[in-house]
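This report concerns only the one structure given below.
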Amino acid sequence: MPPRTFVIRQNDRIDPTTQLPLIASALADLPKMIRENESDRRLGIISLAIVPDPHLLRQSSDVINKLRILASQEIQASLRPQDRVYTVSQEEWLIVQPNLISGAAPTLAMLRLRDKLTALGGRPGNISRLPRLALGAAIWPDDGEDPLFLVQSARIARLFAEQGGADIRSYHASMESEGEDERGILDDLRLALSEQRGLRLFLQPQVDATSGRCIGAEALLRWQRDNGEWVAPPSILEAIDRLGQRQSFN
């Protein structure tokens, strides 16, 4: 199976309000950024979101758009020249920080971003109070190798920041709650991938209905766990993505 690529159209690239590239561009850029990252350094991904509250929801679209523009400018001014900023939605931004010396750098960046953006509230012509911010971070390669997995890991950490007391969180696998059976499947699949056993390709003949002649074959993925259970292909691929092992699987 070839590596995943992300195809984007030109009108999918730029957010018309902030003039920042959209998340589709981030998914297209990340594989190259990871390849070019220095081997002894980290790459950080930060998801930053404004948590809507009644005060924000009562604002006009003009006020919201102005806030988004000011927030985008403040985010860019608070980062290094090599860092990249993308918009995900009206309330969420994605930040990629390549070539970090320390895994603690995203946390320091999140603290700086939180303080800078909080100060936007009360500025002349802006909303009187900025709602609560939530920030989450994931780190390559510590938290995974797959670009989409890393982006979603940062967003999961940010979701935990939204729901909990702390407004800044770093991703940890324990954030993804699993039942005992699901946890067992993930553990077994991790072992199967590392030892290259259990996963097989079966060829299903493609037969011409008129002549009865075999004209080809379709390759089908199958996995039999050590307990004898056969796992359905969609469940295999979902588990591979949960583990962030798509590249190893490929």
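Identifiers for the structure tokens are assigned positionally: chains receive A, B, ... in sequence, residues are indexed from 1 per chain, and ligands are indexed from 1 in the order shown.
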message: Report as a PyMOL selection string all protein, DNA and RNA residues lying within 10 Å of A:Leu221, evaluated on only C-alpha atoms, omitting residues in the same chain fewer than 6 positions from it.
response: chain A and resi 199-203+231-234+236-237
Same residues, C-alpha atoms, saved as a PDB file, in the first residue's frame:
ATOM      1  CA  LEU A 199      -1.410 -10.098   8.963  1.00  0.00           C
ATOM      2  CA  ARG A 200      -1.984 -11.709   5.568  1.00  0.00           C
ATOM      3  CA  LEU A 201      -3.111 -10.840   2.063  1.00  0.00           C
ATOM      4  CA  PHE A 202      -5.638 -13.176   0.412  1.00  0.00           C
ATOM      5  CA  LEU A 203      -6.245 -13.077  -3.343  1.00  0.00           C
ATOM      6  CA  VAL A 231     -10.562  -9.229  12.718  1.00  0.00           C
ATOM      7  CA  ALA A 232     -12.502  -7.377  10.006  1.00  0.00           C
ATOM      8  CA  PRO A 233     -10.390  -5.169   7.682  1.00  0.00           C
ATOM      9  CA  PRO A 234     -12.086  -1.864   8.709  1.00  0.00           C
ATOM     10  CA  ILE A 236      -7.661  -3.410  11.417  1.00  0.00           C
ATOM     11  CA  LEU A 237      -7.187  -0.102   9.621  1.00  0.00           C
TER      12      LEU A 237
END
Excluding A:Val51 and residues on its chain fewer than 3 positions from it, collect all residues at most 7 Å away from it, counting only C-alpha atoms, and give them as a compact mmCIF listing (two decimals) with all heavy atoms, in the first residue's frame.
# COMPACT_ATOMS: atom_id res chain seq x y z
N PRO A 131 -13.08 35.07 25.57
CA PRO A 131 -13.44 33.83 26.25
C PRO A 131 -12.21 33.01 26.60
O PRO A 131 -11.08 33.31 26.18
CB PRO A 131 -14.32 33.10 25.23
CG PRO A 131 -14.79 34.17 24.29
CD PRO A 131 -13.69 35.17 24.24
N ARG A 132 -12.44 31.94 27.32
CA ARG A 132 -11.34 31.07 27.75
C ARG A 132 -10.66 30.44 26.54
O ARG A 132 -11.30 30.11 25.55
CB ARG A 132 -11.87 29.97 28.68
CG ARG A 132 -10.77 29.15 29.35
CD ARG A 132 -11.37 28.29 30.44
NE ARG A 132 -12.15 27.19 29.89
CZ ARG A 132 -11.65 25.99 29.55
NH1 ARG A 132 -10.35 25.78 29.70
NH2 ARG A 132 -12.42 25.05 29.09
N LEU A 133 -9.34 30.28 26.64
CA LEU A 133 -8.57 29.62 25.59
C LEU A 133 -8.26 28.19 26.02
O LEU A 133 -8.13 27.89 27.22
CB LEU A 133 -7.27 30.37 25.33
CG LEU A 133 -7.40 31.80 24.81
CD1 LEU A 133 -6.04 32.48 24.81
CD2 LEU A 133 -8.00 31.81 23.42
N ALA A 134 -8.12 27.31 25.05
CA ALA A 134 -7.70 25.93 25.31
C ALA A 134 -6.61 25.58 24.31
O ALA A 134 -6.76 25.84 23.10
CB ALA A 134 -8.89 24.97 25.17
query: Out of stretch 100-245 of chain A, which residues get strand (DSSP E or B) from DSSP, as JSON, numbers by chain?
result: {"A": [100, 133, 134, 135, 136, 137, 138, 139, 140, 168, 169, 170, 199, 200, 201, 202, 203, 204, 205, 206, 207, 214, 215, 216, 217, 218, 219, 220, 221, 222, 223, 224, 230, 231]}
message: According to DSSP computed on the backbone, where in stretch 209-245 of chain A is there helix (DSSP H, G or I)? Give the residues as a PyMOL selection string.
response: chain A and resi 233-243
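Counting only C-alpha atoms, A:Leu94 has the following residues at most 9 Å away, ignoring those fewer than 6 positions along the same chain: Leu22, Ile23, Ala26, Ile45, Ile46, Ser47, Leu48, Ala49, Arg84, Val85, Tyr86, Thr87, Val88, Val151, Ala154 and Arg155 of chain A.
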Would you write out those residues with C-alpha atoms, as a tab-separated table (two decimals), in the first residue's frame?
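So the final result, stored in part_11.tsv, reads:
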chain	number	residue	atom	x	y	z
A	22	LEU	CA	-6.23	25.87	6.06
A	23	ILE	CA	-5.77	22.51	7.75
A	26	ALA	CA	-1.09	21.50	7.00
A	45	ILE	CA	2.10	20.64	16.80
A	46	ILE	CA	-0.20	22.93	18.78
A	47	SER	CA	-3.97	23.17	18.55
A	48	LEU	CA	-5.26	26.47	19.91
A	49	ALA	CA	-8.95	27.26	20.27
A	84	ARG	CA	3.77	27.85	10.52
A	85	VAL	CA	0.18	28.78	11.39
A	86	TYR	CA	-3.00	27.33	9.87
A	87	THR	CA	-6.69	27.90	10.52
A	88	VAL	CA	-8.93	24.93	11.29
A	151	VAL	CA	-2.54	16.60	14.29
A	154	ALA	CA	-2.78	17.73	19.46
A	155	ARG	CA	-6.51	18.32	18.97
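Residues in contact with A:Cys214 at up to 12 Å, not including ones fewer than 4 positions away on its chain and judged by only C-alpha atoms, are Leu203, Gln204, Pro205, Gln206, Val207, Asp208, Ala209, Thr210 and Glu218 of chain A.
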Next, dump the selected residues to file, keeping only N, CA and C atoms, as a PDB file, in the first residue's frame.
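Done, and the output landed in result_3.pdb:
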ATOM      1  N   LEU A 203      -5.873 -13.460  -1.989  1.00  0.00           N
ATOM      2  CA  LEU A 203      -6.245 -13.077  -3.343  1.00  0.00           C
ATOM      3  C   LEU A 203      -7.613 -13.650  -3.686  1.00  0.00           C
ATOM      4  N   GLN A 204      -8.555 -12.766  -3.980  1.00  0.00           N
ATOM      5  CA  GLN A 204      -9.889 -13.186  -4.384  1.00  0.00           C
ATOM      6  C   GLN A 204     -10.008 -13.085  -5.901  1.00  0.00           C
ATOM      7  N   PRO A 205     -10.245 -14.209  -6.587  1.00  0.00           N
ATOM      8  CA  PRO A 205     -10.278 -14.200  -8.059  1.00  0.00           C
ATOM      9  C   PRO A 205     -11.380 -13.295  -8.599  1.00  0.00           C
ATOM     10  N   GLN A 206     -11.078 -12.624  -9.686  1.00  0.00           N
ATOM     11  CA  GLN A 206     -12.055 -11.839 -10.436  1.00  0.00           C
ATOM     12  C   GLN A 206     -12.359 -12.623 -11.722  1.00  0.00           C
ATOM     13  N   VAL A 207     -13.594 -13.087 -11.855  1.00  0.00           N
ATOM     14  CA  VAL A 207     -13.954 -14.003 -12.931  1.00  0.00           C
ATOM     15  C   VAL A 207     -14.871 -13.321 -13.937  1.00  0.00           C
ATOM     16  N   ASP A 208     -14.564 -13.497 -15.220  1.00  0.00           N
ATOM     17  CA  ASP A 208     -15.424 -12.984 -16.274  1.00  0.00           C
ATOM     18  C   ASP A 208     -16.699 -13.819 -16.322  1.00  0.00           C
ATOM     19  N   ALA A 209     -17.866 -13.169 -16.176  1.00  0.00           N
ATOM     20  CA  ALA A 209     -19.128 -13.907 -16.067  1.00  0.00           C
ATOM     21  C   ALA A 209     -19.475 -14.649 -17.353  1.00  0.00           C
ATOM     22  N   THR A 210     -19.031 -14.141 -18.489  1.00  0.00           N
ATOM     23  CA  THR A 210     -19.387 -14.764 -19.763  1.00  0.00           C
ATOM     24  C   THR A 210     -18.549 -16.000 -20.049  1.00  0.00           C
ATOM     25  N   GLU A 218      -8.264  -9.645  -6.525  1.00  0.00           N
ATOM     26  CA  GLU A 218      -8.307  -8.532  -5.581  1.00  0.00           C
ATOM     27  C   GLU A 218      -7.601  -8.943  -4.303  1.00  0.00           C
TER      28      GLU A 218
END
message: For A:Gly136, find every residue with an atom within 12 Å (counting only C-alpha atoms), except residues of its own chain fewer than 4 positions away, and show them as a VMD selection string.
response: chain A and resid 44 to 49 92 to 95 106 to 111 113 to 114 150 to 164 166 to 172 175
- prompt: Expressed in Å to a single decimal, how great is the separation between atom CA of A:Leu189 and atom CA of A:Leu27?
  reply: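 For atom CA of A:Leu189 relative to atom CA of A:Leu27, the distance reads 25.6 Å.
Relative to atom CA of A:Gln90, atom CA of A:Ala119 is found at 19.1 Å.
Here atom CA of A:Ile75 and atom CA of A:Arg112 stand 9.4 Å from one another.
For A:Arg246, the set of protein, DNA and RNA residues having any atom at most 7 Å away, when counting only C-alpha atoms and skipping those fewer than 5 positions along the same chain, is Asp146, Ile240 and Asp241 of chain A.
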query: Which one of A:Ala239, A:Leu57, A:Leu20, A:Ile69 sits closest to A:Leu120 if you count only C-alpha atoms?
result: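 Answer, going by the shortest atom-to-atom distance: A:Ile69.
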task: Rank nothing, just name the residue among A:Ile185, A:Thr118, A:Leu193, A:Pro21 nearest to A:Trp230, using only C-alpha atoms.
output: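 Nearest to A:Trp230: A:Ile185.
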message: From the options A:Ile101, A:Ala28, A:Val96, A:Ala137, which residue's atoms come nearest to A:Gln82, counting only C-alpha atoms?
response: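 When distances to A:Gln82 are compared using only C-alpha atoms, the smallest one comes from A:Val96.
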